[in-house]
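S.K.: Sharing a structure here in structure tokens format.
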Amino acid sequence: MEITVSKTALLDKLKSIGRIIQPKNSIPTYDNFLFVVDEFGIILVTAGEEGGRISTNIDGKADFTDRSFMANAKILLDGLKEIPEQPLTIHLYEKELVVKYANGKFSIPVEKGDQYPTMSTDNTATPLLVSGNDLLYGIRQVLFCSANDELRPVLNGVYFDIDLDTISFVATDGTRLAMIENPSAYTRKERAAFILPSKFAKVLSNIVPEDCMEVEISVNQTNILFKFDSYRLICRMIEGRFPNYRAVIPQKQPNRAVLKRTDIVSALKRVSVFCDENSSLVILKFCPDSLKITAHNVDFCKSAEETVALRTGCDIEIGFKSSFLIEMINNIPSEDIAITMSDPSKASILTRCDEEVRSLTYLLMPLSINY
């Protein structure tokens, strides 16, 4: 039995889905790629872990049908990595896979594919259609705020809140929150919501093409299915109720400042070197036309301050964790950003200032300032 395939086509697809494979799996089967040649001769390869799996078609030709086998993912990837681009001939035997190329070959053991675990979705569910660009923007703009907390698993993912005419992407770790609201190009007949685990959100953000026209999302009681181009990703959703995120977003913030994103990020990076290592506190003192950023480390007798010009300003002094503030500002994709505040002890809101249909809201809790 023989498969003919381009080395680059094979390796690129294996690398894209191989991201999902964990270094240590409690089920050894997940250390393998599952290859399936269906009754039409289409070659499908799958990689997975306990929480989900991803499959894709490989452009190639098989001289057999209706057969599946498993091959170790790491060994196969390592074997293909240094081979120059050329057609490969893969010979499949009962317990061995032989990959032949222009001036050599390598062989690895294989096992029967029927040992690979299965996952299913509800094929009767009405799919949700989202443009690839909207999905990428929503996930990438909020994913960094998701938590890694065993005690609060509902925070360890991206929340999809699908309304009748909008879809919102939300992530929070309890200290900061990110929300993207995107008006949908269609009208749904019913609301839906689910929490996508962070690791699968990251996989999606890496493999969905920027020019992908449409991603089909289907949801049942336990699993979520994403279908796009030649890919199919299925995973278990995080069970539980996501916090009422809209209730924590302040509606009235009398203090507002607008500044150039690159200016404040550069200043924050320089000043944050001198922060207290435990708190990472930076103090922002806003004036009508300028912002003074200061940091102190009493234990090592070091400090720093910088002044940044504002587009518009206000009068308030507030403290933040420098790494969180830098990361949030860096993720806002506009030249100018707005920061609104009501009180040094209450959450502040960061938003973009350019014209963008997809609304972006970042919330960050302040730190207390102790002189």
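Letters A, B, ... go to the chains of the structure tokens in the order shown; residues in each chain start at 1; ligands are counted from 1 in the same order.
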Going by DSSP on the backbone, which bits of range 112-234 of chain A are strand (DSSP E or B)? Write them as a ChimeraX atom specification, please.
M.R.: /A:112,128-130,157-162,166-172,176-183,192-197,215-219,223-228,231-234
S.K.: Hey, what's within 6 Å of range 200-214 of chain A if we count only C-alpha atoms and toss same-chain stuff fewer than 3 positions away? As a list of chain:residue names, please?
M.R.: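 In the requested format, the answer is A:Val130, A:Ser131, A:Gly132, A:Asn133, A:Leu136, A:Pro197.
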S.K.: Could you save the residues just selected, with N, CA and C atoms, as a compact mmCIF listing (two decimals), in the first residue's frame?
M.R.:
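As written to disk, out.txt reads:
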# COMPACT_ATOMS: atom_id res chain seq x y z
N VAL A 130 -19.02 32.53 11.18
CA VAL A 130 -18.26 33.73 11.53
C VAL A 130 -17.12 33.88 10.53
N SER A 131 -16.80 35.10 10.14
CA SER A 131 -15.66 35.29 9.24
C SER A 131 -14.38 34.98 10.00
N GLY A 132 -13.39 34.43 9.29
CA GLY A 132 -12.13 34.08 9.92
C GLY A 132 -11.44 35.28 10.53
N ASN A 133 -11.53 36.44 9.86
CA ASN A 133 -10.89 37.65 10.37
C ASN A 133 -11.51 38.09 11.68
N LEU A 136 -10.38 35.61 14.45
CA LEU A 136 -8.98 35.84 14.83
C LEU A 136 -8.84 37.11 15.67
N PRO A 197 -11.65 26.57 25.88
CA PRO A 197 -10.40 26.51 26.64
C PRO A 197 -9.28 27.29 25.96
S.K.: Taking the DSSP secondary structure from the backbone, can you list the residues of range 18-254 of chain A that are helix (DSSP H, G or I), as a PyMOL selection string?
M.R.: chain A and resi 18+28-31+73-81+113-115+132-145+153-155+198-207+245-248
S.K.: Can you spit out the residues from that selection as a compact mmCIF listing (two decimals), in the first residue's frame, using C-alpha atoms?
M.R.:
# COMPACT_ATOMS: atom_id res chain seq x y z
CA GLY A 18 0.87 18.87 15.95
CA PRO A 28 -0.18 7.13 25.14
CA THR A 29 -2.32 6.96 21.99
CA TYR A 30 -2.28 10.77 21.83
CA ASP A 31 1.48 10.70 21.17
CA ALA A 73 4.18 12.28 15.95
CA LYS A 74 7.61 13.36 17.20
CA ILE A 75 9.54 10.69 15.30
CA LEU A 76 7.66 11.40 12.06
CA LEU A 77 8.14 15.18 12.33
CA ASP A 78 11.84 14.81 13.14
CA GLY A 79 12.30 12.43 10.21
CA LEU A 80 10.64 14.79 7.71
CA LYS A 81 12.13 18.04 8.97
CA GLY A 113 -5.96 3.32 13.85
CA ASP A 114 -9.04 1.83 15.49
CA GLN A 115 -7.34 2.27 18.90
CA GLY A 132 -12.13 34.08 9.92
CA ASN A 133 -10.89 37.65 10.37
CA ASP A 134 -13.53 38.41 13.01
CA LEU A 135 -12.74 35.18 14.87
CA LEU A 136 -8.98 35.84 14.83
CA TYR A 137 -9.42 39.44 15.98
CA GLY A 138 -11.75 38.46 18.80
CA ILE A 139 -9.57 35.65 20.14
CA ARG A 140 -6.22 37.42 19.77
CA GLN A 141 -7.41 40.63 21.43
CA VAL A 142 -8.73 38.93 24.58
CA LEU A 143 -6.79 35.67 25.02
CA PHE A 144 -3.94 37.25 27.02
CA CYS A 145 -6.39 38.09 29.82
CA PRO A 153 -11.69 26.83 35.74
CA VAL A 154 -14.40 28.98 34.12
CA LEU A 155 -11.80 31.74 33.80
CA SER A 198 -7.38 28.80 26.24
CA LYS A 199 -5.13 26.16 24.67
CA PHE A 200 -7.62 25.54 21.87
CA ALA A 201 -8.23 29.27 21.43
CA LYS A 202 -4.47 29.63 20.93
CA VAL A 203 -4.41 26.77 18.41
CA LEU A 204 -7.23 28.43 16.44
CA SER A 205 -5.43 31.78 16.45
CA ASN A 206 -2.38 30.08 14.92
CA ILE A 207 -4.00 28.00 12.19
CA TYR A 245 -18.72 40.56 32.93
CA ARG A 246 -20.95 43.46 31.92
CA ALA A 247 -21.81 44.15 35.57
CA VAL A 248 -18.16 44.92 36.43
S.K.: So that I can check the surroundings of range 301-307 of chain A, please list as a PyMOL selection string every protein, DNA and RNA residue that reaches within 6 Å of it, counting only C-alpha atoms and ignoring chain neighbours fewer than 2 positions away.
M.R.: chain A and resi 271+274+291-299
S.K.: Would you pick out the contacts of Tyr159 in chain A at 9 Å or less, using only C-alpha atoms, so that residues sharing its chain but fewer than 2 positions from it are not included, and give the list as a PDB file with C-alpha atoms, in the first residue's frame?
M.R.:
ATOM      1  CA  VAL A 154     -14.396  28.976  34.121  1.00  0.00           C
ATOM      2  CA  LEU A 155     -11.797  31.744  33.799  1.00  0.00           C
ATOM      3  CA  GLY A 157     -10.697  30.259  28.475  1.00  0.00           C
ATOM      4  CA  ASP A 161     -21.369  35.363  23.993  1.00  0.00           C
ATOM      5  CA  SER A 168     -18.723  39.106  22.028  1.00  0.00           C
ATOM      6  CA  PHE A 169     -15.363  37.575  22.959  1.00  0.00           C
ATOM      7  CA  VAL A 170     -14.436  37.922  26.644  1.00  0.00           C
ATOM      8  CA  ALA A 171     -11.568  36.788  28.866  1.00  0.00           C
ATOM      9  CA  ALA A 193     -22.745  30.991  24.812  1.00  0.00           C
ATOM     10  CA  PHE A 194     -19.796  28.754  25.597  1.00  0.00           C
ATOM     11  CA  ILE A 195     -16.283  28.882  27.067  1.00  0.00           C
ATOM     12  CA  LEU A 196     -13.480  27.782  24.734  1.00  0.00           C
ATOM     13  CA  PRO A 197     -10.399  26.510  26.640  1.00  0.00           C
ATOM     14  CA  PHE A 242     -18.962  32.587  33.221  1.00  0.00           C
TER      15      PHE A 242
END
S.K.: Considering only C-alpha atoms, return as an mmCIF file with N, CA and C atoms, in the first residue's frame whatever protein or nucleic-acid residues lie within 6 Å of range 353-367 of chain A, sequence-local ones (same chain, fewer than 4 positions apart) excluded.
M.R.:
data_model
loop_
_atom_site.group_PDB
_atom_site.id
_atom_site.type_symbol
_atom_site.label_atom_id
_atom_site.label_comp_id
_atom_site.auth_asym_id
_atom_site.auth_seq_id
_atom_site.Cartn_x
_atom_site.Cartn_y
_atom_site.Cartn_z
ATOM 1 N N THR A 175 -8.443 40.109 37.700
ATOM 2 C CA THR A 175 -7.792 41.402 37.898
ATOM 3 C C THR A 175 -7.935 42.287 36.676
ATOM 4 N N ARG A 176 -7.966 41.682 35.539
ATOM 5 C CA ARG A 176 -8.118 42.408 34.273
ATOM 6 C C ARG A 176 -9.135 41.674 33.409
ATOM 7 N N LEU A 177 -9.716 42.401 32.472
ATOM 8 C CA LEU A 177 -10.756 41.848 31.611
ATOM 9 C C LEU A 177 -10.611 42.441 30.227
ATOM 10 N N ALA A 178 -10.832 41.616 29.211
ATOM 11 C CA ALA A 178 -10.820 42.088 27.828
ATOM 12 C C ALA A 178 -12.108 41.655 27.154
ATOM 13 N N MET A 179 -12.706 42.572 26.380
ATOM 14 C CA MET A 179 -13.963 42.271 25.697
ATOM 15 C C MET A 179 -13.952 42.880 24.298
ATOM 16 N N ILE A 180 -14.308 42.073 23.322
ATOM 17 C CA ILE A 180 -14.510 42.533 21.949
ATOM 18 C C ILE A 180 -15.972 42.299 21.596
ATOM 19 N N GLU A 181 -16.649 43.337 21.142
ATOM 20 C CA GLU A 181 -18.031 43.218 20.674
ATOM 21 C C GLU A 181 -18.050 43.451 19.176
ATOM 22 N N ASN A 182 -18.532 42.454 18.440
ATOM 23 C CA ASN A 182 -18.525 42.537 16.990
ATOM 24 C C ASN A 182 -19.943 42.409 16.444
ATOM 25 N N GLY A 319 -2.372 53.962 40.484
ATOM 26 C CA GLY A 319 -1.279 53.004 40.354
ATOM 27 C C GLY A 319 -1.735 51.717 39.678
ATOM 28 N N PHE A 320 -0.829 51.097 38.895
ATOM 29 C CA PHE A 320 -1.132 49.842 38.215
ATOM 30 C C PHE A 320 0.064 48.899 38.285
ATOM 31 N N ASP A 336 -3.713 55.981 18.838
ATOM 32 C CA ASP A 336 -4.099 56.670 20.070
ATOM 33 C C ASP A 336 -4.983 55.758 20.917
ATOM 34 N N ILE A 337 -4.790 55.836 22.231
ATOM 35 C CA ILE A 337 -5.626 55.066 23.149
ATOM 36 C C ILE A 337 -6.246 56.013 24.176
ATOM 37 N N ALA A 347 -11.820 50.224 39.043
ATOM 38 C CA ALA A 347 -11.306 49.755 37.755
ATOM 39 C C ALA A 347 -11.250 50.879 36.726
ATOM 40 N N SER A 348 -10.205 50.837 35.898
ATOM 41 C CA SER A 348 -10.049 51.785 34.795
ATOM 42 C C SER A 348 -10.317 51.071 33.484
ATOM 43 N N ILE A 349 -10.710 51.851 32.477
ATOM 44 C CA ILE A 349 -11.049 51.303 31.171
ATOM 45 C C ILE A 349 -10.072 51.829 30.125
#
S.K.: Which one of A:Leu325, A:Ala267, A:Ile54, A:Val282 sits closest to Ala309 in chain A if you count only C-alpha atoms?
M.R.: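 Residue with the minimum atom-to-atom distance to Ala309 in chain A: A:Ala267.
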S.K.: In terms of the shortest atom-to-atom distance over only C-alpha atoms, which of A:Phe324, A:Ile238, A:Ile42, A:Ala71 is closest to Asp173 in chain A?
M.R.: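 Smallest separation from Asp173 in chain A among the options: A:Phe324.
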S.K.: Quick one: distance from CA of Pro333 in chain A to CA of Gln253 in chain A in Å, one decimal?
M.R.: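 Pair CA of Pro333 in chain A / CA of Gln253 in chain A returns 22.2 Å.
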S.K.: Calculated over only C-alpha atoms, which of the candidates A:Arg270, A:Leu129, A:Arg261, A:Lys13 has the smallest distance to Phe228 in chain A?
M.R.: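 Distance minimum relative to Phe228 in chain A lands on A:Leu129.
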S.K.: With only C-alpha atoms as the counted atoms, please give the residues lying no more than 7 Å from range 65-69 of chain A, apart from itself and same-chain residues fewer than 3 positions off, as a PyMOL selection string.
M.R.: chain A and resi 34-41+110-113
S.K.: What lies within 9 Å of Lys100 in chain A using only C-alpha atoms, ignoring chain neighbours under 4 positions off, as JSON, numbers by chain?
M.R.: {"A": [88, 89, 90, 91, 104, 105, 106, 107]}
S.K.: Taking C-alpha atoms for each residue, export the selection above as a compact mmCIF listing (two decimals), in the first residue's frame.
M.R.:
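Saved to out.txt:
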# COMPACT_ATOMS: atom_id res chain seq x y z
CA LEU A 88 7.70 11.38 -1.04
CA THR A 89 6.56 7.79 -1.41
CA ILE A 90 5.15 6.31 1.80
CA HIS A 91 4.86 2.55 1.93
CA GLY A 104 17.30 7.68 1.16
CA LYS A 105 14.53 6.36 3.34
CA PHE A 106 13.49 5.96 6.98
CA SER A 107 11.06 3.61 8.69
S.K.: What does the structure give for the distance between CA of Met328 in chain A and CA of Pro183 in chain A, in Å to one decimal?
M.R.: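 Separation between CA of Met328 in chain A and CA of Pro183 in chain A: 22.8 Å.
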